[in-house]
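The structure appears right after this line, and notes come after that.
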Number of protein chains: 4
Amino acid sequence: MTEWVDKEKVFKDPVHDYIYVFDKLIWDLINTRAFQRLRRVRQLGTAYLTYHGAEHTRFTHSLGVYETMRKILSHFERKFSWPGPGDDRTRLLALCAALLHDIGHGPFSHTIESVFKFHHEEFSQRILLEEPEVNKILRRVDDQFPQDVADVIAKKSKHPLVVNLISSQLDVDRMDYLLRDAVNTGVTYGRFELERLIRVMRPEGDDILVKTSGQQTVEQYILARYFMYSQVYLHPVTLSSDVLLRHAFLRAKTIHERGGNLFLPAELQPFLDKPVEQITVEEYLRLDESVMMFTFHRWTEADDAILRDLADRFINRRLFGSILTRELKEVEKQTVRDMFRAQGLNPDYYIAFGHATGAGYHMYRQGITLVDDDGDKMDIADASAVVRSLKPLTQYRIFCPKEVLRGEGSYKPIRGWLEALKI
Amino acid sequence: MTEWVDKEKVFKDPVHDYIYVFDKLIWDLINTRAFQRLRRVRQLGTAYLTYHGAEHTRFTHSLGVYETMRKILSHFERKFSWPGPGDDRTRLLALCAALLHDIGHGPFSHTIESVFKFHHEEFSQRILLEEPEVNKILRRVDDQFPQDVADVIAKKSKHPLVVNLISSQLDVDRMDYLLRDAVNTGVTYGRFELERLIRVMRPEGDDILVKTSGQQTVEQYILARYFMYSQVYLHPVTLSSDVLLRHAFLRAKTIHERGGNLFLPAELQPFLDKPVEQITVEEYLRLDESVMMFTFHRWTEADDAILRDLADRFINRRLFGSILTRELKEVEKQTVRDMFRAQGLNPDYYIAFGHATGAGYHMYRQGITLVDDDGDKMDIADASAVVRSLKPLTQYRIFCPKEVLRGEGSYKPIRGWLEALKI
Amino acid sequence: MTEWVDKEKVFKDPVHDYIYVFDKLIWDLINTRAFQRLRRVRQLGTAYLTYHGAEHTRFTHSLGVYETMRKILSHFERKFSWPGPGDDRTRLLALCAALLHDIGHGPFSHTIESVFKFHHEEFSQRILLEEPEVNKILRRVDDQFPQDVADVIAKKSKHPLVVNLISSQLDVDRMDYLLRDAVNTGVTYGRFELERLIRVMRPEGDDILVKTSGQQTVEQYILARYFMYSQVYLHPVTLSSDVLLRHAFLRAKTIHERGGNLFLPAELQPFLDKPVEQITVEEYLRLDESVMMFTFHRWTEADDAILRDLADRFINRRLFGSILTRELKEVEKQTVRDMFRAQGLNPDYYIAFGHATGAGYHMYRQGITLVDDDGDKMDIADASAVVRSLKPLTQYRIFCPKEVLRGEGSYKPIRGWLEALKI
Amino acid sequence: MTEWVDKEKVFKDPVHDYIYVFDKLIWDLINTRAFQRLRRVRQLGTAYLTYHGAEHTRFTHSLGVYETMRKILSHFERKFSWPGPGDDRTRLLALCAALLHDIGHGPFSHTIESVFKFHHEEFSQRILLEEPEVNKILRRVDDQFPQDVADVIAKKSKHPLVVNLISSQLDVDRMDYLLRDAVNTGVTYGRFELERLIRVMRPEGDDILVKTSGQQTVEQYILARYFMYSQVYLHPVTLSSDVLLRHAFLRAKTIHERGGNLFLPAELQPFLDKPVEQITVEEYLRLDESVMMFTFHRWTEADDAILRDLADRFINRRLFGSILTRELKEVEKQTVRDMFRAQGLNPDYYIAFGHATGAGYHMYRQGITLVDDDGDKMDIADASAVVRSLKPLTQYRIFCPKEVLRGEGSYKPIRGWLEALKI
């Protein structure tokens, strides 16, 4: 089954030094239009507005996930003869799923998906099955192969061990993104001992186990995620950028629904004009960050004052600020919204109630299992007080323009009246 | 004159760890629209198609250049009392020029400028003088200040030492980009001992001198540039990407001039429709990579087959290949073009004769001067055989589609007939 | 009071890049015999037998501690005017205490001190007060200064804030050793964001406070210590090397007390022949690792078979192995010792019951205090579940020759009879 | 032939991250007394007196050389089937020679060897053939194997390709020490792209060739050596430390020959009392740095004033200084010596005329050969002007006490009378 590339191919990489490609199948997948599109989708969405180094893309990350999988398979083969010399299909399945797991990601996906109500995972699968170029390459293995890769990504595969390698508490996706996001933002928080982590992993039946001696290596890895969530992924400045993005899209949607005048490129129209199931894969793949940014530029000159303002704030980084609150009841939120309206601000667009929950360790949603020399098993959370301590806390925030926060001009200082409301 | 920011501001940075901002002037300049636009212009243009990590922007680099200048000034102040306690204006001049030296850079600037015949440096100056937001901030120092910063960037300042710090063989621009491009591409070639380099520098009159004991530190820095040129900046794959970009724009220009049907966003029209002097700064600043990429997307569906093909090749990374040749005479190039035409390819768009000249050290265009303890001076090129050896070599290449290079389908293998032509 | 060195001095350093010396006082202290002796005392004792890179010395670390203090003082001066422009003496006090805090460390100090019953801290103080060269330099500040530095190191100073900087949960000693030991062993566990940690620290009265926004930076730093303890400092192989060292010394002491024949260099004799209080500083400073290693070499040819064997095991790295046990009662230990004796092994030298307690966070022994913008304070352990989770666990081990562990030759496999004993 | 270790063994390493051991042969060699002795011999001799981080040992480096060889063999096997599946002996030969190439190195070897007139290479070979433990392990391959490994190290092997991998312009020794010395000293000068360098190497007949596309990678590697020589290996402070060491030994030798009173440990006596050929391997292996340092300590209390002073200077780092001169004729040196004698200084011990020649590239002593796709070959020096420029320059220096250099006390300032002598 294996076709090798003529000469082994390498990509120079800031995280893994070199990324190696030996299989022609992988090489050809990398060169598809659908995969090259990932060059135009940043890995961390709006986080570059907080950490200027966070300019790396999902293309880069996807290569890194593939390389991490390749390293693990090389280790599994040498030490545990897994998946075994006669089973090249499983090896390719794992590599393809690693490479393609993000193929359906769109620009600023979390925001876009919340506005337009869909999940990129569905498109990931559809791309594998419906996008002609990708599908044809995958079918070189066999006709069932595209569906099998899609099933792995959808976590409903007949190969649960491969699924676990792709998405679990100990997966190649996370291993690469923690290291890559750390390197690009310049923080040390996401660093962990990748090589040693791989060395303590072992396949057993459907599961990945970790040798007891690797407990601290796993702890370091889990803590890397904990720190990266607070310091990078849920940074209030990034969250406030997302608010602007979401509100601008909501405003545009409203204008469009009302039949108002609005710049709307052909690439975005399907998302506004038809149910998501009717969007074709071809239409979907036309979306990337250049479309989004171009549209936002145009919206800085929109007829509608609110859209114009929101787009301008985003493009020119005049972001909303935020303050911490306790969890609010709906009636309290309504009071706050009324206070905004009373000051002449449309609360649908100029205030957001956000909550962000940090990264913990969830034992029962596919935990990480330690195994000792006698074969006895234990969840890392039972073995490690540090891991148990990582109970994710939720932070509640109100996002709104900084001038409102500070009470500049005619605005009343927000902290004052929030306190008066006992919020 | 100095206004400090309330709290010192920092940016976390992959190269310098932290970038410090103490001056309110600098802080306010960073937050202008014109400066934020640099977030949408990649530092290395198309090099991300060769090194996938090269996704960093001119925004990031500009902050790094500022920080490098800040470090040098801190060293000069401590050791040489330069520019001296009473002279805060010179300090600010150097910092502002460092921060803003790339403010006029557009997307894929080398290509765009060659097609539309202008230099971004002119726009850098015009932005300082004409862009209201930037200009107003700079004028807080005094009315002459914007012009003075512009003069430094234009290398015609009354402050030659500041000019040398900004653009010479030993300037803050180069110091930052070598390190930053090395970090982002993942290569070690561009690394050098920045801290030690700064420690051996000293201001003297209009010049920056380097202590003799720092000779090898300077050699390492010059070699870093030498390596980065060959390995990154002039990588044939990057050059071939530039060819596609240039040819697509030339094709679009031709179609537009002929009155053909063509998607042309308002942001690009001024560049096609009027002389560059008549383009306003406001118009100029609307250009960024999202406009360019969006336009290219649309061109993948152009009526014109050539434009459609070129845009598609660029967007989906089906790049031209290249082969080395000797330097060709015009008549020889014409023969080659005829061979292309005979095979049904329009040579204006499907072939390019490129030449790239590596980075050497030019002694007479503002060299680097060593000074010993007795005050005797010598150019680094006189002191160092390594530096003298760096005579830039020019490589000549023919760029064309890979299928033509390889002689696939009906094409005749190019190497064969080039040899027959004794090229 | 301040005398500057003519030219600022730098040391190139693998951790801090450069270490800067501006004060002539510091420069002269570095060049004393007592300080240079630290070049002959490894920082991590026998850990190089586990991690071969751990070959760095206390000299190197002491410079690093000084540099960390220098950075903190520079930050405190710039942001908080502490200790204030008129108070150069406090600045020098902090720098000298940082540089000299380990001046009394001897070779393999933990082992040596346990055998000969003394604490190096006492000698640290005596060196400052009695060693003529060091004392004379310190007295250049004033006659009280050597005592004041000694008091800081002894934690009984009138400058509690300086004491806290030198020895607390958040001190310069720990900051340097975590980073330095991580770099030299090659592990990532000890890395943390030093620069950011310094940036969130502030002096207030007698205390060092940390801004609430720095909570995670502190967590990362506390976790770095937690990991380094388990992975490096308390690694069973290192502990087993210490056992050999201690047993060899105990054996030599016994032979000496019995008047047996024994190589004993003049440098070691005072430690065997008189109470520690009578050892002069001059005698003490003659001890370094070359004396110890030389002596061990000679002991590999000792008349006494046990000493010969122990020394040989240490020098040629034929270390004891170990197994985990539960905590044992004295009577149980006695049973184990009897089992050893029954197999022809002297239990005083061929078995050790060790216990090692990992690094936790002790709230009440000078904790780390967070302070928010309103001035409200909270111990990090109250704020952080992760920190609270770091309850140090104690591991109990039996150390003995590997051939005994494995039951080679005539030995009975130890695990078997331990289980029979229900241990 | 291959015996594998039960579980693959790893060493954590600051340069290579992990060092892998799969062969039982290698594992057993590492655990010999002769190899463990290398832990007590610093890699860079006295360089730690210049760069305090240079405390790493030949043990550490030897493991690194082995690992570099292992990586190259892994690449050669995968890409070129070299040495071929049936030829495990050649693989082991290369690995053993890499691991053991420095086995004969003694403490401060360059100095010791110049005083006692021998070469450690001879002892390297004798150890392999005569040291029972090492020899027995090697003979597990076959009886001829120890001699074959010795021949590789002596460069007179029937396996010239293996010899080239161990000692040539492109050998594993150099690859590891450049990187390791850079990491430990903290400089960037010695860094190069190891992984890429290996990737462009190929075995062909007796030679290692490098693909033309790797020219710059080779240049970077050659330059790394060039910089490390000037910045680290030939640093004047290190050279001056060597002078002290050599002079102290010469003085001790003279005292001993005259029958004077002198501390002389049994470990050193053979070197003074009999011709080097009569020194046994067992005697030789007793020498390490602890013996040397211990002896120096004792010499700081010698009866002889000169020896006492030289030993004290070395131990307490009161090093000689140096000044640059032109090359001196013997008669001129004699004049200088007379000037010293006239000032009451014994010129045999208080002055040294040193010359140090930097690292160049020697084309004809086994150069580095580039090969292009057509198989055409060219020496790197013919291809690269940078490499050609690296003509090693010789620096001449006079070393003597700093107080003499500066003309302190009754000494006449040396620079003055040297100029008067036109030196």
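Residues are named by chain letter and number: chains run A, B, ... in the order of the structure tokens, numbers start at 1 in each chain, and ligands are numbered from 1 in the order shown.
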Would you kindly return, as a ChimeraX atom specification, each protein, DNA or RNA residue with an atom no farther than 8 Å from any atom of stretch 83-89 of chain A, considering only C-alpha atoms and excluding same-chain residues fewer than 6 positions away?
/A:1-2,76-77,141
Distance cut-off 8 Å, counting only C-alpha atoms - which residues of chain D neighbour chain C? Return them as a short mmCIF file (atom, residue, chain, number, x, y, z; two decimals) with C-alpha atoms, in the first residue's frame.
```cif
data_model
loop_
_atom_site.label_atom_id
_atom_site.label_comp_id
_atom_site.auth_asym_id
_atom_site.auth_seq_id
_atom_site.Cartn_x
_atom_site.Cartn_y
_atom_site.Cartn_z
CA PHE D 11 20.79 9.95 28.98
CA LYS D 12 19.24 13.39 29.27
CA ASP D 13 21.58 15.81 27.59
CA PRO D 14 21.75 19.60 27.28
CA VAL D 15 22.87 19.37 23.63
CA ASP D 17 18.08 16.32 24.46
CA ASN D 31 30.13 1.62 32.81
CA THR D 32 33.83 0.78 32.80
CA ARG D 33 36.23 2.43 35.21
CA GLN D 36 33.85 6.78 34.15
CA ARG D 37 37.24 8.39 34.80
CA TYR D 51 34.04 31.19 30.87
CA HIS D 52 32.69 30.00 34.18
CA GLY D 53 30.15 27.75 32.50
CA GLU D 55 32.73 23.04 33.63
CA HIS D 56 31.63 20.12 31.49
CA THR D 57 33.73 16.98 31.23
CA PHE D 59 32.56 12.05 29.81
CA THR D 60 29.71 14.26 28.70
CA VAL D 183 25.97 25.72 25.22
CA ASN D 184 28.18 25.58 28.28
CA THR D 185 30.03 28.82 27.77
CA GLY D 186 26.78 30.53 26.83
CA VAL D 187 27.97 31.89 23.48
CA GLU D 289 41.86 16.40 37.81
CA SER D 290 41.34 15.71 41.49
CA VAL D 291 44.95 14.52 41.72
CA MET D 293 44.11 20.05 41.91
CA PHE D 294 44.99 18.36 45.18
CA ILE D 315 44.33 28.03 42.42
CA ASN D 316 43.20 31.50 43.37
CA ARG D 317 42.98 32.83 39.83
#
```
Those in stretch 297-399 of chain A with helix (DSSP H, G or I) from DSSP, as a count of residues only
40
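Distance-wise, atom CA of B:Asp176 and atom CA of B:Gly64 end up 5.8 Å apart.
Going from atom CA of D:Ile137 over to atom CA of C:Glu403, you cover 19.9 Å.
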Write down as a ChimeraX atom specification the residues belonging to stretch 27-216 of chain B that are assigned strand (DSSP E or B) by DSSP computed on the backbone.
/B:42,57,201-204,207-211
What's the separation between atom CA of D:Thr217 and atom CA of D:Ile153, in Å to one decimal place?
26.4 Å
Selection near B:Tyr221, 8 Å with only C-alpha atoms, sequence-local residues under 5 positions removed, as number ranges by chain:
B: 190-193
For D:Thr394: contacts at 7 Å, only C-alpha atoms, fewer than 6 positions along chain excluded, given as a list in words:
His355, Ala356, Thr357 and Gly358 of chain D
Selection above as a file: N, CA and C atoms, as an mmCIF file, in the first residue's frame:
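Produced file selection00.cif, reproduced below:
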```
data_model
loop_
_atom_site.group_PDB
_atom_site.id
_atom_site.type_symbol
_atom_site.label_atom_id
_atom_site.label_comp_id
_atom_site.auth_asym_id
_atom_site.auth_seq_id
_atom_site.Cartn_x
_atom_site.Cartn_y
_atom_site.Cartn_z
ATOM 1 N N HIS D 355 52.353 31.676 21.175
ATOM 2 C CA HIS D 355 51.714 32.021 19.909
ATOM 3 C C HIS D 355 50.543 31.066 19.725
ATOM 4 N N ALA D 356 49.472 31.625 19.207
ATOM 5 C CA ALA D 356 48.265 30.828 19.013
ATOM 6 C C ALA D 356 47.784 31.050 17.598
ATOM 7 N N THR D 357 47.465 29.960 16.937
ATOM 8 C CA THR D 357 47.036 30.040 15.553
ATOM 9 C C THR D 357 45.572 29.646 15.452
ATOM 10 N N GLY D 358 44.786 30.550 14.923
ATOM 11 C CA GLY D 358 43.339 30.341 14.843
ATOM 12 C C GLY D 358 42.974 29.193 13.926
#
```
Can you tell me which residues surround stretch 406-409 of chain A at a distance of at most 12 Å, considering only C-alpha atoms, apart from same-chain residues fewer than 5 positions away, and format the answer as a VMD selection string?
chain A and resid 320 to 323 340 343 400 to 401 414 to 417
Which polymer residues have any atom within 12 Å of an atom of B:Gln144, counting only C-alpha atoms, with same-chain residues fewer than 6 positions away left out, as a list in words?
Arg89, Leu93, Leu128, Leu129, Asn135, Lys136, Leu138, Ala150 and Asp151 of chain B
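Neighbouring residues of stretch 373-385 of chain B at 9 Å or closer, counting only C-alpha atoms and skipping chain neighbours under 4 positions away, are Leu209, Lys211, Thr212, Gln215, Gln216, Val218, Glu219, Tyr361, His362, Met363, Gly367, Ile368, Thr369, Ser389 and Leu390 of chain B; Val386, Ser389, Leu390 and Lys391 of chain D.
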Those residues with N, CA and C atoms, as an mmCIF file, in the first residue's frame please?
```cif
data_model
loop_
_atom_site.group_PDB
_atom_site.id
_atom_site.type_symbol
_atom_site.label_atom_id
_atom_site.label_comp_id
_atom_site.auth_asym_id
_atom_site.auth_seq_id
_atom_site.Cartn_x
_atom_site.Cartn_y
_atom_site.Cartn_z
ATOM 1 N N LEU B 209 31.052 53.631 15.967
ATOM 2 C CA LEU B 209 32.283 52.859 15.857
ATOM 3 C C LEU B 209 32.124 51.573 16.656
ATOM 4 N N LYS B 211 34.455 48.739 18.839
ATOM 5 C CA LYS B 211 35.756 48.435 19.428
ATOM 6 C C LYS B 211 36.407 47.239 18.724
ATOM 7 N N THR B 212 37.704 47.310 18.529
ATOM 8 C CA THR B 212 38.433 46.241 17.842
ATOM 9 C C THR B 212 38.134 44.876 18.454
ATOM 10 N N GLN B 215 35.508 42.681 16.814
ATOM 11 C CA GLN B 215 35.584 42.324 15.392
ATOM 12 C C GLN B 215 34.805 41.057 15.060
ATOM 13 N N GLN B 216 34.988 40.028 15.858
ATOM 14 C CA GLN B 216 34.327 38.766 15.511
ATOM 15 C C GLN B 216 32.822 38.821 15.728
ATOM 16 N N VAL B 218 31.075 41.404 15.068
ATOM 17 C CA VAL B 218 30.607 42.026 13.831
ATOM 18 C C VAL B 218 30.654 41.026 12.680
ATOM 19 N N GLU B 219 31.707 40.249 12.622
ATOM 20 C CA GLU B 219 31.786 39.224 11.571
ATOM 21 C C GLU B 219 30.594 38.274 11.652
ATOM 22 N N TYR B 361 29.280 42.578 1.690
ATOM 23 C CA TYR B 361 29.562 43.706 2.559
ATOM 24 C C TYR B 361 30.120 44.795 1.671
ATOM 25 N N HIS B 362 29.470 45.938 1.635
ATOM 26 C CA HIS B 362 29.904 47.017 0.761
ATOM 27 C C HIS B 362 30.648 48.049 1.569
ATOM 28 N N MET B 363 31.926 48.080 1.379
ATOM 29 C CA MET B 363 32.764 48.927 2.215
ATOM 30 C C MET B 363 32.456 50.402 2.055
ATOM 31 N N GLY B 367 30.446 51.875 5.578
ATOM 32 C CA GLY B 367 30.971 50.636 6.129
ATOM 33 C C GLY B 367 30.853 50.583 7.644
ATOM 34 N N ILE B 368 31.512 49.597 8.227
ATOM 35 C CA ILE B 368 31.559 49.462 9.683
ATOM 36 C C ILE B 368 32.996 49.709 10.106
ATOM 37 N N THR B 369 33.171 50.659 11.003
ATOM 38 C CA THR B 369 34.517 51.087 11.365
ATOM 39 C C THR B 369 34.902 50.557 12.739
ATOM 40 N N SER B 389 35.790 38.372 1.952
ATOM 41 C CA SER B 389 35.450 37.257 1.054
ATOM 42 C C SER B 389 33.995 37.291 0.611
ATOM 43 N N LEU B 390 33.187 38.077 1.296
ATOM 44 C CA LEU B 390 31.748 38.052 1.016
ATOM 45 C C LEU B 390 31.404 38.885 -0.201
ATOM 46 N N VAL D 386 34.218 32.254 1.292
ATOM 47 C CA VAL D 386 34.244 32.416 2.746
ATOM 48 C C VAL D 386 35.222 31.423 3.362
ATOM 49 N N SER D 389 38.746 32.232 2.754
ATOM 50 C CA SER D 389 39.241 33.418 3.492
ATOM 51 C C SER D 389 39.761 33.053 4.877
ATOM 52 N N LEU D 390 39.415 31.851 5.329
ATOM 53 C CA LEU D 390 39.764 31.504 6.712
ATOM 54 C C LEU D 390 41.210 31.049 6.811
ATOM 55 N N LYS D 391 42.101 31.935 6.458
ATOM 56 C CA LYS D 391 43.513 31.630 6.607
ATOM 57 C C LYS D 391 43.873 31.894 8.057
#
```
